[in-house]
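Inspection log for the structure reproduced underneath, given as structure tokens.
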Amino acid sequence: MAGTAPLPPGSTIGILGGGQLGRMLAMAAVQLGYRCVGYAPAGDNVAASACDDFFENGWGDNAALAAFASQCDVVTWEFENVPLSAVESIPANLLVPDPKALKVAQDRLNEKRFVEELRAKCAPYMRVESDDDFARALERVGTPGILKTARDGYDGKGQWRIASVHEAEGVRFPGQACIYEGMVNFETEFSVILARAADGTVRMWDSSANTHEGGMLVHSVLPAGPVVESQVGAAREIAEKTANALNYVGVLTLEFFATAQGPIFNEMAPRVHNSGHWTIEGAATGQFENHIRAICGLPLGGTETRFASIDMRNIVGEDALSAHEILAEDGEPHLHLYGKREARAGRKMGHVTRVSHKTPSQDGA
């Protein structure tokens, strides 16, 4: 980490990645008096609007990465698929969290083995590297299941749901390392999001119940309900063990299925997370601010939930074109549009968080 003393105001934070998470990290950093410099390949880099400077260069451009790093007092990332070669070209004393978290999270098989060593429960799975492996996985793990690329892929990309052996015959092996997982019979999905400081202090936000469509998160709600509330304690133990094992600094997210057998680990994101967007308005300190606090050596802020009920929904595709109508709603809608130029189908364009001091039952729901 870039020294043990807190970074003073005016220091520069480097952010690898140009998406909305980087944008919201930069906005939180500016509020605390820091400068931000971003880095990502050329594209619709919405984080650039919140940064003092932005490098649009390839991940393999070592000269540009060195120039970027030379401006920074600390460097972090906004998504877990930044190539390790790019991250490791940056001086290690600048990087927070430790890149070990990326090494674990970027390969689904490594990720599952890592958390299993910490006593987490996972769905049955097998590594698949050929058509023969796939056939054996179908036999041993069974159907229904889901074939996922071992690396890359997010929001449902690089995934094939398989309802039966007959249906599997129509799936062409993608020619890269994959993992085949048995489907989990779950009641709901939830996430544990924590912030960990360099001194080992851990703060956790309340867990939201999450709804996905096509592999992409669309809705997070609090309170999460009795099923999640009965299992969140065990999930938090796994999350904290994971953070400690990685000597993690910053915000870390673990996603779980709530099942009759207890929480089943799904995946890890070594970064701020979509299901934590509600914390901006809904918690004493939001996930973006606490990540900045952690990587800069500042005290973590409180994570207490400030409202009786909170509802966060993603704004996807062309729904963004009429999103300003949300501002006319009664209550307290908080609209966030990310400034993306093209409203493509299935693309996250923004989110809205609705908060209330009343519980859903008091609102007549």
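Letters A, B, ... mark the chains of the structure tokens in the order given; residue numbers begin at 1 per chain; ligand numbers begin at 1, in order shown.
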Who sits within 6 Å of stretch 9-15 of chain A, only C-alpha atoms, same chain under 6 positions skipped, as a ChimeraX atom specification: /A:33-38,72-77
Can you work out which one of A:Cys122, A:Met183, A:Leu16, A:Leu7 has the shortest atom-to-atom distance to A:Phe79, counting only C-alpha atoms?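 Residue with the minimum atom-to-atom distance to A:Phe79: A:Leu16.
With only C-alpha atoms as the basis for measurement, A:Gly19 is the residue among A:Gly19, A:Gly250, A:Gly182, A:Pro6 that approaches A:Lys348 most closely.
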Give me the residues near A:Ser220 as a tab-separated table (two decimals) with N, CA and C atoms, in the first residue's frame, where near means some atom within 9 Å (using only C-alpha atoms) and where sequence neighbours in that chain fewer than 4 positions away do not count.
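Once written, part-v2.tsv looks like this:
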```tsv
chain	number	residue	atom	x	y	z
A	190	PHE	N	-28.62	-13.45	-2.52
A	190	PHE	CA	-28.23	-12.27	-1.73
A	190	PHE	C	-26.73	-12.09	-1.80
A	208	SER	N	-28.85	-7.33	0.77
A	208	SER	CA	-30.08	-7.18	-0.02
A	208	SER	C	-30.46	-8.52	-0.64
A	209	ALA	N	-31.75	-8.70	-0.87
A	209	ALA	CA	-32.23	-9.82	-1.68
A	209	ALA	C	-32.16	-9.37	-3.14
A	210	ASN	N	-31.54	-10.19	-3.98
A	210	ASN	CA	-31.24	-9.79	-5.35
A	210	ASN	C	-32.01	-10.63	-6.36
A	211	THR	N	-32.44	-9.98	-7.42
A	211	THR	CA	-33.12	-10.66	-8.52
A	211	THR	C	-32.31	-10.47	-9.79
A	224	ALA	N	-34.29	-7.86	3.33
A	224	ALA	CA	-34.15	-8.99	2.42
A	224	ALA	C	-35.12	-10.12	2.73
A	274	ASN	N	-22.79	-3.90	-8.00
A	274	ASN	CA	-24.10	-3.40	-8.40
A	274	ASN	C	-25.13	-3.53	-7.27
A	275	SER	N	-25.10	-4.63	-6.53
A	275	SER	CA	-26.09	-4.83	-5.47
A	275	SER	C	-25.83	-3.93	-4.26
A	276	GLY	N	-24.74	-3.16	-4.29
A	276	GLY	CA	-24.47	-2.22	-3.22
A	276	GLY	C	-24.75	-0.77	-3.60
A	277	HIS	N	-25.35	-0.54	-4.77
A	277	HIS	CA	-25.63	0.84	-5.16
A	277	HIS	C	-26.59	1.53	-4.19
A	278	TRP	N	-27.44	0.76	-3.55
A	278	TRP	CA	-28.40	1.35	-2.61
A	278	TRP	C	-27.70	2.05	-1.45
A	310	ILE	N	-35.74	-0.18	1.30
A	310	ILE	CA	-34.94	0.35	0.20
A	310	ILE	C	-35.13	-0.55	-1.00
A	311	ASP	N	-35.28	0.06	-2.17
A	311	ASP	CA	-35.50	-0.67	-3.42
A	311	ASP	C	-34.60	-0.08	-4.48
A	312	MET	N	-33.65	-0.86	-5.00
A	312	MET	CA	-32.76	-0.42	-6.06
A	312	MET	C	-33.04	-1.22	-7.32
A	313	ARG	N	-33.26	-0.51	-8.43
A	313	ARG	CA	-33.49	-1.17	-9.71
A	313	ARG	C	-32.55	-0.61	-10.76
A	314	ASN	N	-32.01	-1.51	-11.57
A	314	ASN	CA	-31.19	-1.06	-12.69
A	314	ASN	C	-32.08	-0.49	-13.79
```
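Every residue of stretch 220-273 of chain A with a DSSP assignment of helix (DSSP H, G or I), taken from the backbone, is listed as Pro226, Val227, Val228, Glu229, Ser230, Gln231, Val232, Gly233, Ala234, Ala235, Arg236, Glu237, Ile238, Ala239, Glu240, Lys241, Thr242, Ala243, Asn244 and Ala245 of chain A.
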Dump as a compact mmCIF listing (two decimals), in the first residue's frame, selection limited to N, CA and C atoms:
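The new file out06.txt reads:
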```
# COMPACT_ATOMS: atom_id res chain seq x y z
N PRO A 226 -36.96 -12.99 5.81
CA PRO A 226 -36.51 -13.91 6.85
C PRO A 226 -35.56 -14.99 6.37
N VAL A 227 -35.69 -15.45 5.12
CA VAL A 227 -34.81 -16.51 4.63
C VAL A 227 -33.37 -16.00 4.59
N VAL A 228 -33.17 -14.84 4.01
CA VAL A 228 -31.82 -14.27 3.95
C VAL A 228 -31.34 -13.93 5.36
N GLU A 229 -32.19 -13.34 6.15
CA GLU A 229 -31.78 -12.93 7.49
C GLU A 229 -31.34 -14.11 8.34
N SER A 230 -31.89 -15.30 8.08
CA SER A 230 -31.50 -16.49 8.84
C SER A 230 -30.17 -17.05 8.38
N GLN A 231 -29.70 -16.67 7.19
CA GLN A 231 -28.47 -17.25 6.63
C GLN A 231 -27.33 -16.25 6.48
N VAL A 232 -27.62 -14.97 6.68
CA VAL A 232 -26.60 -13.97 6.43
C VAL A 232 -25.44 -14.07 7.42
N GLY A 233 -25.68 -14.54 8.63
CA GLY A 233 -24.60 -14.67 9.59
C GLY A 233 -23.53 -15.63 9.12
N ALA A 234 -23.95 -16.79 8.63
CA ALA A 234 -22.99 -17.78 8.12
C ALA A 234 -22.28 -17.26 6.88
N ALA A 235 -23.00 -16.54 6.02
CA ALA A 235 -22.38 -15.99 4.82
C ALA A 235 -21.36 -14.91 5.18
N ARG A 236 -21.66 -14.13 6.19
CA ARG A 236 -20.72 -13.09 6.63
C ARG A 236 -19.42 -13.71 7.15
N GLU A 237 -19.53 -14.82 7.81
CA GLU A 237 -18.32 -15.50 8.31
C GLU A 237 -17.41 -15.87 7.14
N ILE A 238 -18.02 -16.40 6.08
CA ILE A 238 -17.23 -16.78 4.90
C ILE A 238 -16.62 -15.53 4.26
N ALA A 239 -17.41 -14.47 4.15
CA ALA A 239 -16.92 -13.24 3.52
C ALA A 239 -15.74 -12.66 4.30
N GLU A 240 -15.85 -12.63 5.61
CA GLU A 240 -14.76 -12.07 6.41
C GLU A 240 -13.52 -12.95 6.35
N LYS A 241 -13.71 -14.28 6.38
CA LYS A 241 -12.57 -15.18 6.22
C LYS A 241 -11.88 -14.96 4.87
N THR A 242 -12.67 -14.74 3.84
CA THR A 242 -12.13 -14.51 2.51
C THR A 242 -11.30 -13.23 2.48
N ALA A 243 -11.86 -12.16 3.03
CA ALA A 243 -11.15 -10.89 3.06
C ALA A 243 -9.85 -11.00 3.84
N ASN A 244 -9.89 -11.69 4.97
CA ASN A 244 -8.68 -11.84 5.78
C ASN A 244 -7.64 -12.70 5.08
N ALA A 245 -8.08 -13.78 4.42
CA ALA A 245 -7.15 -14.67 3.73
C ALA A 245 -6.45 -13.96 2.57
```
Which residues of stretch 252-279 of chain A sit at most 12 Å from stretch 289-307 of chain A, using only C-alpha atoms? Give each one's shortest atom pair and distance in Å (one decimal place), in chain and ascending residue order, as a Markdown table.
```
| residue | atom | partner | partner_atom | distance |
| --- | --- | --- | --- | --- |
| A:Leu252 | CA | A:His291 | CA | 9.0 |
| A:Thr253 | CA | A:His291 | CA | 11.7 |
| A:Pro270 | CA | A:His291 | CA | 11.0 |
| A:Arg271 | CA | A:His291 | CA | 8.4 |
| A:Val272 | CA | A:His291 | CA | 7.5 |
| A:His273 | CA | A:His291 | CA | 11.0 |
| A:Gly276 | CA | A:Thr303 | CA | 11.2 |
| A:His277 | CA | A:Glu289 | CA | 11.4 |
| A:Trp278 | CA | A:Thr305 | CA | 9.6 |
| A:Thr279 | CA | A:Thr305 | CA | 7.8 |
```
Please report as a tab-separated table every residue of stretch 264-321 of chain A lying within 9 Å of stretch 104-112 of chain A, along with the nearest atom pair and their distance in Å (one decimal), using only C-alpha atoms.
```
residue	atom	partner	partner_atom	distance
A:Phe265	CA	A:Lys112	CA	8.2
A:Asn266	CA	A:Lys112	CA	8.4
A:Glu267	CA	A:Glu111	CA	7.5
A:Met268	CA	A:Ala105	CA	6.3
A:Ala269	CA	A:Ala105	CA	6.7
A:Pro270	CA	A:Ala105	CA	7.2
```
Go ahead and compute the interatomic distance for atom CA of A:Thr201 and atom CA of A:Arg23, in Å to one decimal. 25.9 Å
At a cut-off of 12 Å, using only C-alpha atoms, what residues contact A:Glu325? Leave out same-chain residues fewer than 6 positions from it and give the result as JSON, numbers by chain. {"A": [319, 333, 334, 335, 352]}
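Between atom CA of A:Glu56 and atom CA of A:Ala42 lies a distance of 4.8 Å.
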So that I can see what lies close to A:Glu342, please list as a ChimeraX atom specification the residues with an atom at most 12 Å from it, counting only C-alpha atoms and leaving out residues fewer than 2 positions away in the same chain. /A:43-46,316-321,338-340,344-349
